[in-house]
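**Student:** Before I ask anything, let me first share the structure, which is written out below as structure tokens.
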2 protein chains.
Amino acid sequence: MVSTDSGSGSSARRKRADARRNEETLLDAAAAAFVASGVDVPVRDIAARAGVGIGTIYRHFPTRADLIVAVYRHQVEACAEAGPALLASSSTPHAALVRWIDLFVDFLVTKHGLAEALQSDDAAFETLHAYFIDRLVPVCAQLLDAAAAAGEIRPDMDAYELLRGVGNLCIGADDNPRYDARRLVGLLTEGLRLR
Amino acid sequence: MVSTDSGSGSSARRKRADARRNEETLLDAAAAAFVASGVDVPVRDIAARAGVGIGTIYRHFPTRADLIVAVYRHQVEACAEAGPALLASSSTPHAALVRWIDLFVDFLVTKHGLAEALQSDDAAFETLHAYFIDRLVPVCAQLLDAAAAAGEIRPDMDAYELLRGVGNLCIGADDNPRYDARRLVGLLTEGLRLR
DNA sequence: CAAACATACGGAACGTGGTTCCGGATGGCA
DNA sequence: TGCCATCCGGAACCACGTTCCGTATGTTTG
């Protein structure tokens, strides 16, 4: 589905060996650079870290967003797949929703600058934005629907809006002891509740 | 208190006439540019609009943050002063808090890019950040205290955290019909409520 | 009124970071 | 081994913030 033509792709023509090697190296270098300096680390730094030229990055990942998506794809997929699982294993749909959102928040606040990039209106991040929305909004909608059907939350909440809100609340959450995104998100889900 | 040495300042030495004129022109040009292209409009554009050189901007406003603060100072002051007034005129402290936050949200969502700049960790925006915090956190704290004393909200909410949260929720709120910051902020204040 | 000085102006120039482009290198294959 | 498609490196270009200094102009003083 999500054409991962890298790695051991079999469809289309096989890429040259050095190209595949470089793609791997780049993903590792980017992941390390993101941890060290945030997702807005200069492209040149990633290239240097990987020991390749700048052009090589752009050939493999046409935009910075593609690189970010590639680095975090596994984790986003895991988050998306956790939705239905939580719905099945939690005591109530609302509990599942809260836990799932916690998962999302945990993911965002531990990736320096990712929440910022996600909400940026810079055209370069369009792909990133689209990927998160495409993958996570349906999951969130399913959880919201279940909770609404169970009469636990107000029925008029839009999944896209909620996810953006949560994402926004995660901005600036790292290294700021005075700002606890989790608490605010908790307030939000509490406000969602019907009473 | 907030030394506005421009305009008709009397303390210290009087600035040269052309300098005072330019400062006025720049404030007008910046305000217009912010409306037209957001607060992150290129400095050169503001200079061109004002018909002055780039150096002139930097002499009057050493950082972009200083310019933004100067442009919006009146509105921020008005918002700050509205706090006690609302507390006196509203039926309950919680109502006053909600109305005051609405005021703040209205201000932020109508200034393209201001919410983003406010939460940016860019060192250049330090002054902007500090000004908003200094001026608005005490007001918000007063409203929170009153509502907490009245037993209307949970007593453990920090004013700084709440303001940052609200500010974050305002990011990307303009020209996006799918994202209504006001509704999410409403959810937040609802979640604050004791029940 | 004019000289002399302080103050302010304009914009070239520099640093940084993203992105493009193309001459040269190199893996895959006959 | 030789050829060609593919890929690599990094110089070069663009956009933007910011600095710096030679020049211009308001202001003061003789």
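Lettering and numbering for the structure tokens are positional, with chains as A, B, ... in the shown order, residues counted from 1 in each chain, and ligands counted from 1 in the shown order.
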Could I get chain B fitted onto chain A (least squares, all C-alpha atoms, in order) as a PDB file with C-alpha atoms, in the first residue's frame?
**Tutor:**
```pdb
ATOM      1  CA  MET B   1      -0.024  -0.271   0.305  1.00  0.00           C
ATOM      2  CA  VAL B   2       2.570   2.288   1.250  1.00  0.00           C
ATOM      3  CA  SER B   3       5.022   1.426  -1.538  1.00  0.00           C
ATOM      4  CA  THR B   4       8.299   1.024   0.300  1.00  0.00           C
ATOM      5  CA  ASP B   5      10.364   0.622  -2.826  1.00  0.00           C
ATOM      6  CA  SER B   6      13.531   0.824  -0.807  1.00  0.00           C
ATOM      7  CA  GLY B   7      15.113  -1.996   1.105  1.00  0.00           C
ATOM      8  CA  SER B   8      14.237  -5.240  -0.590  1.00  0.00           C
ATOM      9  CA  GLY B   9      11.621  -3.974  -3.015  1.00  0.00           C
ATOM     10  CA  SER B  10      10.866  -6.358  -5.839  1.00  0.00           C
ATOM     11  CA  SER B  11       8.487  -4.406  -8.051  1.00  0.00           C
ATOM     12  CA  ALA B  12       9.791  -2.053 -10.751  1.00  0.00           C
ATOM     13  CA  ARG B  13      13.493  -2.030 -11.519  1.00  0.00           C
ATOM     14  CA  ARG B  14      15.958  -2.796  -8.782  1.00  0.00           C
ATOM     15  CA  LYS B  15      17.982   0.202  -7.670  1.00  0.00           C
ATOM     16  CA  ARG B  16      21.724   0.196  -7.783  1.00  0.00           C
ATOM     17  CA  ALA B  17      23.468  -1.308  -4.787  1.00  0.00           C
ATOM     18  CA  ASP B  18      25.223   1.898  -3.720  1.00  0.00           C
ATOM     19  CA  ALA B  19      21.922   3.753  -3.946  1.00  0.00           C
ATOM     20  CA  ARG B  20      20.213   1.318  -1.620  1.00  0.00           C
ATOM     21  CA  ARG B  21      23.115   1.509   0.783  1.00  0.00           C
ATOM     22  CA  ASN B  22      23.015   5.278   0.792  1.00  0.00           C
ATOM     23  CA  GLU B  23      19.312   5.355   1.457  1.00  0.00           C
ATOM     24  CA  GLU B  24      19.807   3.203   4.524  1.00  0.00           C
ATOM     25  CA  THR B  25      22.728   5.291   5.711  1.00  0.00           C
ATOM     26  CA  LEU B  26      20.719   8.457   5.200  1.00  0.00           C
ATOM     27  CA  LEU B  27      17.749   7.205   7.168  1.00  0.00           C
ATOM     28  CA  ASP B  28      20.025   6.298  10.067  1.00  0.00           C
ATOM     29  CA  ALA B  29      21.878   9.591   9.885  1.00  0.00           C
ATOM     30  CA  ALA B  30      18.633  11.556   9.705  1.00  0.00           C
ATOM     31  CA  ALA B  31      17.154   9.713  12.667  1.00  0.00           C
ATOM     32  CA  ALA B  32      20.275  10.438  14.698  1.00  0.00           C
ATOM     33  CA  ALA B  33      20.339  14.067  13.599  1.00  0.00           C
ATOM     34  CA  PHE B  34      16.662  14.516  14.456  1.00  0.00           C
ATOM     35  CA  VAL B  35      17.307  13.215  17.946  1.00  0.00           C
ATOM     36  CA  ALA B  36      20.355  15.400  18.382  1.00  0.00           C
ATOM     37  CA  SER B  37      19.109  18.653  16.834  1.00  0.00           C
ATOM     38  CA  GLY B  38      15.400  18.310  16.112  1.00  0.00           C
ATOM     39  CA  VAL B  39      13.651  17.633  12.831  1.00  0.00           C
ATOM     40  CA  ASP B  40      14.643  21.067  11.565  1.00  0.00           C
ATOM     41  CA  VAL B  41      18.327  20.200  11.578  1.00  0.00           C
ATOM     42  CA  PRO B  42      20.076  21.657   8.494  1.00  0.00           C
ATOM     43  CA  VAL B  43      20.131  19.303   5.517  1.00  0.00           C
ATOM     44  CA  ARG B  44      23.876  19.764   5.245  1.00  0.00           C
ATOM     45  CA  ASP B  45      24.310  18.391   8.738  1.00  0.00           C
ATOM     46  CA  ILE B  46      22.460  15.224   7.850  1.00  0.00           C
ATOM     47  CA  ALA B  47      24.545  14.843   4.710  1.00  0.00           C
ATOM     48  CA  ALA B  48      27.758  15.324   6.661  1.00  0.00           C
ATOM     49  CA  ARG B  49      26.642  12.848   9.295  1.00  0.00           C
ATOM     50  CA  ALA B  50      25.883  10.279   6.608  1.00  0.00           C
ATOM     51  CA  GLY B  51      29.106  11.063   4.786  1.00  0.00           C
ATOM     52  CA  VAL B  52      27.362  11.792   1.510  1.00  0.00           C
ATOM     53  CA  GLY B  53      26.929  14.869  -0.651  1.00  0.00           C
ATOM     54  CA  ILE B  54      23.926  17.148  -0.455  1.00  0.00           C
ATOM     55  CA  GLY B  55      22.700  16.107  -3.869  1.00  0.00           C
ATOM     56  CA  THR B  56      22.386  12.541  -2.664  1.00  0.00           C
ATOM     57  CA  ILE B  57      19.872  13.506  -0.010  1.00  0.00           C
ATOM     58  CA  TYR B  58      17.697  15.310  -2.495  1.00  0.00           C
ATOM     59  CA  ARG B  59      17.747  12.453  -4.951  1.00  0.00           C
ATOM     60  CA  HIS B  60      16.473  10.014  -2.360  1.00  0.00           C
ATOM     61  CA  PHE B  61      14.188  12.397  -0.517  1.00  0.00           C
ATOM     62  CA  PRO B  62      12.994  15.218  -2.778  1.00  0.00           C
ATOM     63  CA  THR B  63      11.709  17.241   0.165  1.00  0.00           C
ATOM     64  CA  ARG B  64      12.560  17.363   3.822  1.00  0.00           C
ATOM     65  CA  ALA B  65       9.053  16.113   4.515  1.00  0.00           C
ATOM     66  CA  ASP B  66       9.739  12.884   2.633  1.00  0.00           C
ATOM     67  CA  LEU B  67      12.741  12.264   4.833  1.00  0.00           C
ATOM     68  CA  ILE B  68      10.792  12.907   8.020  1.00  0.00           C
ATOM     69  CA  VAL B  69       7.981  10.640   6.881  1.00  0.00           C
ATOM     70  CA  ALA B  70      10.448   7.902   6.023  1.00  0.00           C
ATOM     71  CA  VAL B  71      12.132   8.152   9.410  1.00  0.00           C
ATOM     72  CA  TYR B  72       8.911   8.070  11.422  1.00  0.00           C
ATOM     73  CA  ARG B  73       6.736   5.886   9.214  1.00  0.00           C
ATOM     74  CA  HIS B  74       7.038   2.812  11.430  1.00  0.00           C
ATOM     75  CA  GLN B  75       6.009   4.691  14.544  1.00  0.00           C
ATOM     76  CA  VAL B  76       3.080   6.381  12.851  1.00  0.00           C
ATOM     77  CA  GLU B  77       1.895   3.032  11.525  1.00  0.00           C
ATOM     78  CA  ALA B  78       2.171   1.547  14.974  1.00  0.00           C
ATOM     79  CA  CYS B  79       0.135   4.387  16.406  1.00  0.00           C
ATOM     80  CA  ALA B  80      -2.524   3.983  13.742  1.00  0.00           C
ATOM     81  CA  GLU B  81      -2.755   0.261  14.328  1.00  0.00           C
ATOM     82  CA  ALA B  82      -3.025   0.727  18.058  1.00  0.00           C
ATOM     83  CA  GLY B  83      -6.384   2.473  17.635  1.00  0.00           C
ATOM     84  CA  PRO B  84      -8.601  -0.541  16.886  1.00  0.00           C
ATOM     85  CA  ALA B  85      -6.592  -2.619  19.335  1.00  0.00           C
ATOM     86  CA  LEU B  86      -7.241  -0.175  22.165  1.00  0.00           C
ATOM     87  CA  LEU B  87     -10.903  -0.010  21.251  1.00  0.00           C
ATOM     88  CA  ALA B  88     -11.092  -3.772  21.639  1.00  0.00           C
ATOM     89  CA  SER B  89      -9.115  -3.980  24.860  1.00  0.00           C
ATOM     90  CA  SER B  90     -10.329  -0.951  26.804  1.00  0.00           C
ATOM     91  CA  SER B  91     -13.217  -0.884  29.210  1.00  0.00           C
ATOM     92  CA  THR B  92     -14.995   1.948  27.384  1.00  0.00           C
ATOM     93  CA  PRO B  93     -14.554   3.729  24.042  1.00  0.00           C
ATOM     94  CA  HIS B  94     -13.702   6.937  25.854  1.00  0.00           C
ATOM     95  CA  ALA B  95     -10.924   5.197  27.723  1.00  0.00           C
ATOM     96  CA  ALA B  96      -9.609   3.862  24.431  1.00  0.00           C
ATOM     97  CA  LEU B  97      -9.735   7.346  22.908  1.00  0.00           C
ATOM     98  CA  VAL B  98      -7.838   8.854  25.817  1.00  0.00           C
ATOM     99  CA  ARG B  99      -5.197   6.150  25.708  1.00  0.00           C
ATOM    100  CA  TRP B 100      -4.768   6.463  21.978  1.00  0.00           C
ATOM    101  CA  ILE B 101      -4.345  10.216  22.214  1.00  0.00           C
ATOM    102  CA  ASP B 102      -1.773   9.656  24.949  1.00  0.00           C
ATOM    103  CA  LEU B 103       0.123   7.478  22.529  1.00  0.00           C
ATOM    104  CA  PHE B 104       0.031  10.196  19.909  1.00  0.00           C
ATOM    105  CA  VAL B 105       1.149  12.842  22.385  1.00  0.00           C
ATOM    106  CA  ASP B 106       3.981  10.661  23.643  1.00  0.00           C
ATOM    107  CA  PHE B 107       5.150  10.239  20.090  1.00  0.00           C
ATOM    108  CA  LEU B 108       5.040  13.953  19.300  1.00  0.00           C
ATOM    109  CA  VAL B 109       6.615  15.361  22.426  1.00  0.00           C
ATOM    110  CA  THR B 110       9.613  13.076  22.163  1.00  0.00           C
ATOM    111  CA  LYS B 111      10.472  14.215  18.628  1.00  0.00           C
ATOM    112  CA  HIS B 112      11.920  17.694  18.976  1.00  0.00           C
ATOM    113  CA  GLY B 113      10.315  20.035  16.514  1.00  0.00           C
ATOM    114  CA  LEU B 114       8.018  17.481  14.927  1.00  0.00           C
ATOM    115  CA  ALA B 115       4.834  19.016  16.281  1.00  0.00           C
ATOM    116  CA  GLU B 116       5.993  22.388  15.004  1.00  0.00           C
ATOM    117  CA  ALA B 117       6.776  21.020  11.563  1.00  0.00           C
ATOM    118  CA  LEU B 118       3.476  19.211  11.466  1.00  0.00           C
ATOM    119  CA  GLN B 119       1.517  22.425  11.881  1.00  0.00           C
ATOM    120  CA  SER B 120       3.781  24.595   9.774  1.00  0.00           C
ATOM    121  CA  ASP B 121       2.090  26.132   6.793  1.00  0.00           C
ATOM    122  CA  ASP B 122       5.322  25.899   4.836  1.00  0.00           C
ATOM    123  CA  ALA B 123       4.549  24.236   1.516  1.00  0.00           C
ATOM    124  CA  ALA B 124       7.573  21.979   1.951  1.00  0.00           C
ATOM    125  CA  PHE B 125       5.803  20.172   4.787  1.00  0.00           C
ATOM    126  CA  GLU B 126       2.652  19.499   2.813  1.00  0.00           C
ATOM    127  CA  THR B 127       3.585  15.839   2.353  1.00  0.00           C
ATOM    128  CA  LEU B 128       4.281  15.381   6.042  1.00  0.00           C
ATOM    129  CA  HIS B 129       1.015  16.963   6.989  1.00  0.00           C
ATOM    130  CA  ALA B 130      -0.900  14.910   4.475  1.00  0.00           C
ATOM    131  CA  TYR B 131       0.639  11.649   5.616  1.00  0.00           C
ATOM    132  CA  PHE B 132      -0.236  12.173   9.260  1.00  0.00           C
ATOM    133  CA  ILE B 133      -3.748  13.287   8.397  1.00  0.00           C
ATOM    134  CA  ASP B 134      -4.391  10.433   5.984  1.00  0.00           C
ATOM    135  CA  ARG B 135      -3.128   7.828   8.359  1.00  0.00           C
ATOM    136  CA  LEU B 136      -4.392   9.046  11.716  1.00  0.00           C
ATOM    137  CA  VAL B 137      -7.628  10.944  11.126  1.00  0.00           C
ATOM    138  CA  PRO B 138      -9.600   7.813  10.168  1.00  0.00           C
ATOM    139  CA  VAL B 139      -8.364   6.041  13.282  1.00  0.00           C
ATOM    140  CA  CYS B 140      -9.272   8.974  15.476  1.00  0.00           C
ATOM    141  CA  ALA B 141     -12.665   9.216  13.781  1.00  0.00           C
ATOM    142  CA  GLN B 142     -13.349   5.582  14.546  1.00  0.00           C
ATOM    143  CA  LEU B 143     -12.568   6.107  18.213  1.00  0.00           C
ATOM    144  CA  LEU B 144     -14.666   9.263  18.346  1.00  0.00           C
ATOM    145  CA  ASP B 145     -17.591   7.534  16.679  1.00  0.00           C
ATOM    146  CA  ALA B 146     -17.454   4.660  19.128  1.00  0.00           C
ATOM    147  CA  ALA B 147     -17.324   6.989  22.116  1.00  0.00           C
ATOM    148  CA  ALA B 148     -20.112   9.110  20.718  1.00  0.00           C
ATOM    149  CA  ALA B 149     -22.253   6.051  20.015  1.00  0.00           C
ATOM    150  CA  ALA B 150     -21.718   4.995  23.607  1.00  0.00           C
ATOM    151  CA  GLY B 151     -22.987   8.400  24.709  1.00  0.00           C
ATOM    152  CA  GLU B 152     -19.736   9.226  26.440  1.00  0.00           C
ATOM    153  CA  ILE B 153     -18.750  12.338  24.512  1.00  0.00           C
ATOM    154  CA  ARG B 154     -20.438  15.108  22.588  1.00  0.00           C
ATOM    155  CA  PRO B 155     -21.219  13.777  19.128  1.00  0.00           C
ATOM    156  CA  ASP B 156     -20.122  16.802  17.138  1.00  0.00           C
ATOM    157  CA  MET B 157     -16.361  16.549  17.433  1.00  0.00           C
ATOM    158  CA  ASP B 158     -14.411  16.403  14.205  1.00  0.00           C
ATOM    159  CA  ALA B 159     -11.431  14.027  14.168  1.00  0.00           C
ATOM    160  CA  TYR B 160      -9.268  16.313  12.059  1.00  0.00           C
ATOM    161  CA  GLU B 161      -9.891  19.231  14.346  1.00  0.00           C
ATOM    162  CA  LEU B 162      -9.173  17.214  17.458  1.00  0.00           C
ATOM    163  CA  LEU B 163      -5.926  15.834  16.065  1.00  0.00           C
ATOM    164  CA  ARG B 164      -4.733  19.258  15.017  1.00  0.00           C
ATOM    165  CA  GLY B 165      -5.615  20.603  18.411  1.00  0.00           C
ATOM    166  CA  VAL B 166      -3.703  17.861  20.166  1.00  0.00           C
ATOM    167  CA  GLY B 167      -0.778  18.326  17.804  1.00  0.00           C
ATOM    168  CA  ASN B 168      -0.778  22.047  18.483  1.00  0.00           C
ATOM    169  CA  LEU B 169      -0.773  21.498  22.220  1.00  0.00           C
ATOM    170  CA  CYS B 170       2.395  19.438  21.828  1.00  0.00           C
ATOM    171  CA  ILE B 171       4.326  22.358  20.401  1.00  0.00           C
ATOM    172  CA  GLY B 172       7.113  23.585  22.632  1.00  0.00           C
ATOM    173  CA  ALA B 173       6.543  20.752  25.076  1.00  0.00           C
ATOM    174  CA  ASP B 174      10.116  19.564  25.259  1.00  0.00           C
ATOM    175  CA  ASP B 175      12.604  20.934  27.738  1.00  0.00           C
ATOM    176  CA  ASN B 176      10.007  23.254  29.249  1.00  0.00           C
ATOM    177  CA  PRO B 177       9.250  22.244  32.824  1.00  0.00           C
ATOM    178  CA  ARG B 178       6.528  24.880  33.011  1.00  0.00           C
ATOM    179  CA  TYR B 179       4.521  23.467  30.132  1.00  0.00           C
ATOM    180  CA  ASP B 180       2.985  20.021  30.332  1.00  0.00           C
ATOM    181  CA  ALA B 181       1.263  19.157  27.065  1.00  0.00           C
ATOM    182  CA  ARG B 182      -0.172  15.982  28.523  1.00  0.00           C
ATOM    183  CA  ARG B 183      -2.101  17.842  31.185  1.00  0.00           C
ATOM    184  CA  LEU B 184      -3.633  20.246  28.675  1.00  0.00           C
ATOM    185  CA  VAL B 185      -4.548  17.421  26.338  1.00  0.00           C
ATOM    186  CA  GLY B 186      -6.152  15.725  29.312  1.00  0.00           C
ATOM    187  CA  LEU B 187      -8.220  18.850  29.897  1.00  0.00           C
ATOM    188  CA  LEU B 188      -9.283  18.738  26.278  1.00  0.00           C
ATOM    189  CA  THR B 189     -10.488  15.149  26.391  1.00  0.00           C
ATOM    190  CA  GLU B 190     -12.188  15.892  29.684  1.00  0.00           C
ATOM    191  CA  GLY B 191     -14.008  18.788  28.061  1.00  0.00           C
ATOM    192  CA  LEU B 192     -15.135  16.426  25.349  1.00  0.00           C
ATOM    193  CA  ARG B 193     -16.981  14.325  27.869  1.00  0.00           C
ATOM    194  CA  LEU B 194     -20.731  14.509  28.106  1.00  0.00           C
ATOM    195  CA  ARG B 195     -22.193  15.152  31.517  1.00  0.00           C
TER     196      ARG B 195
END
```
**Student:** For a quick test of understanding: name the residues of chain C lying within 7 Å of chain B when counting only C-alpha atoms (C1' of nucleotides), and present them as a PDB file with C-alpha atoms (C1' of nucleotides), in the first residue's frame.
**Tutor:**
```pdb
ATOM      1  C1'  DA C   8      20.171  59.056  11.039  1.00  0.00           C
ATOM      2  C1'  DC C   9      19.879  56.999   6.434  1.00  0.00           C
ATOM      3  C1'  DG C  10      20.596  53.626   2.549  1.00  0.00           C
ATOM      4  C1'  DG C  11      21.874  49.654   0.772  1.00  0.00           C
TER       5       DG C  11
END
```
**Student:** If you count only C-alpha atoms (C1' of nucleotides), which residues fall within 10 Å of DT26 of chain C, apart from same-chain ones fewer than 2 positions away, as an NGL selection string?
**Tutor:** (:A and (18)) or (:C and (24 or 28)) or (:D and (6-8))
**Student:** Kindly export the residues of the current selection with C-alpha atoms (C1' of nucleotides), as a PDB file, in the first residue's frame.
**Tutor:**
```
ATOM      1  CA  ASP A  18      25.167   1.872  -3.743  1.00  0.00           C
TER       2      ASP A  18
ATOM      3  C1'  DG C  24      32.339  12.998 -13.331  1.00  0.00           C
ATOM      4  C1'  DG C  28      25.530  -3.813 -13.650  1.00  0.00           C
TER       5       DG C  28
ATOM      6  C1'  DT D   6      22.305   5.300 -12.836  1.00  0.00           C
ATOM      7  C1'  DC D   7      24.035   7.740  -9.065  1.00  0.00           C
ATOM      8  C1'  DC D   8      27.218  10.861  -6.581  1.00  0.00           C
TER       9       DC D   8
END
```
**Student:** Where does DSSP see alpha helix (DSSP H) in segment 71-181 of chain A, if you list the residues as a ChimeraX atom specification?
**Tutor:** /A:71-89,93-109,114-119,126-149,159-169,181
**Student:** What are the closest atom pairs, with distances in Å to one decimal, for all residues of chain D lying within 10 Å of chain B? Consider only C-alpha atoms (C1' of nucleotides), order rows by chain and residue number, and present the result as JSON lines.
**Tutor:**
```
{"residue": "D:DA15", "atom": "C1'", "partner": "B:Pro42", "partner_atom": "CA", "distance": 9.5}
{"residue": "D:DC16", "atom": "C1'", "partner": "B:Pro42", "partner_atom": "CA", "distance": 7.0}
{"residue": "D:DG17", "atom": "C1'", "partner": "B:Val43", "partner_atom": "CA", "distance": 7.9}
{"residue": "D:DT18", "atom": "C1'", "partner": "B:Tyr58", "partner_atom": "CA", "distance": 8.5}
{"residue": "D:DT19", "atom": "C1'", "partner": "B:Gly55", "partner_atom": "CA", "distance": 8.9}
{"residue": "D:DC20", "atom": "C1'", "partner": "B:Gly55", "partner_atom": "CA", "distance": 9.5}
{"residue": "D:DT25", "atom": "C1'", "partner": "B:Asp18", "partner_atom": "CA", "distance": 9.0}
{"residue": "D:DG26", "atom": "C1'", "partner": "B:Arg16", "partner_atom": "CA", "distance": 6.6}
{"residue": "D:DT27", "atom": "C1'", "partner": "B:Arg16", "partner_atom": "CA", "distance": 8.2}
```
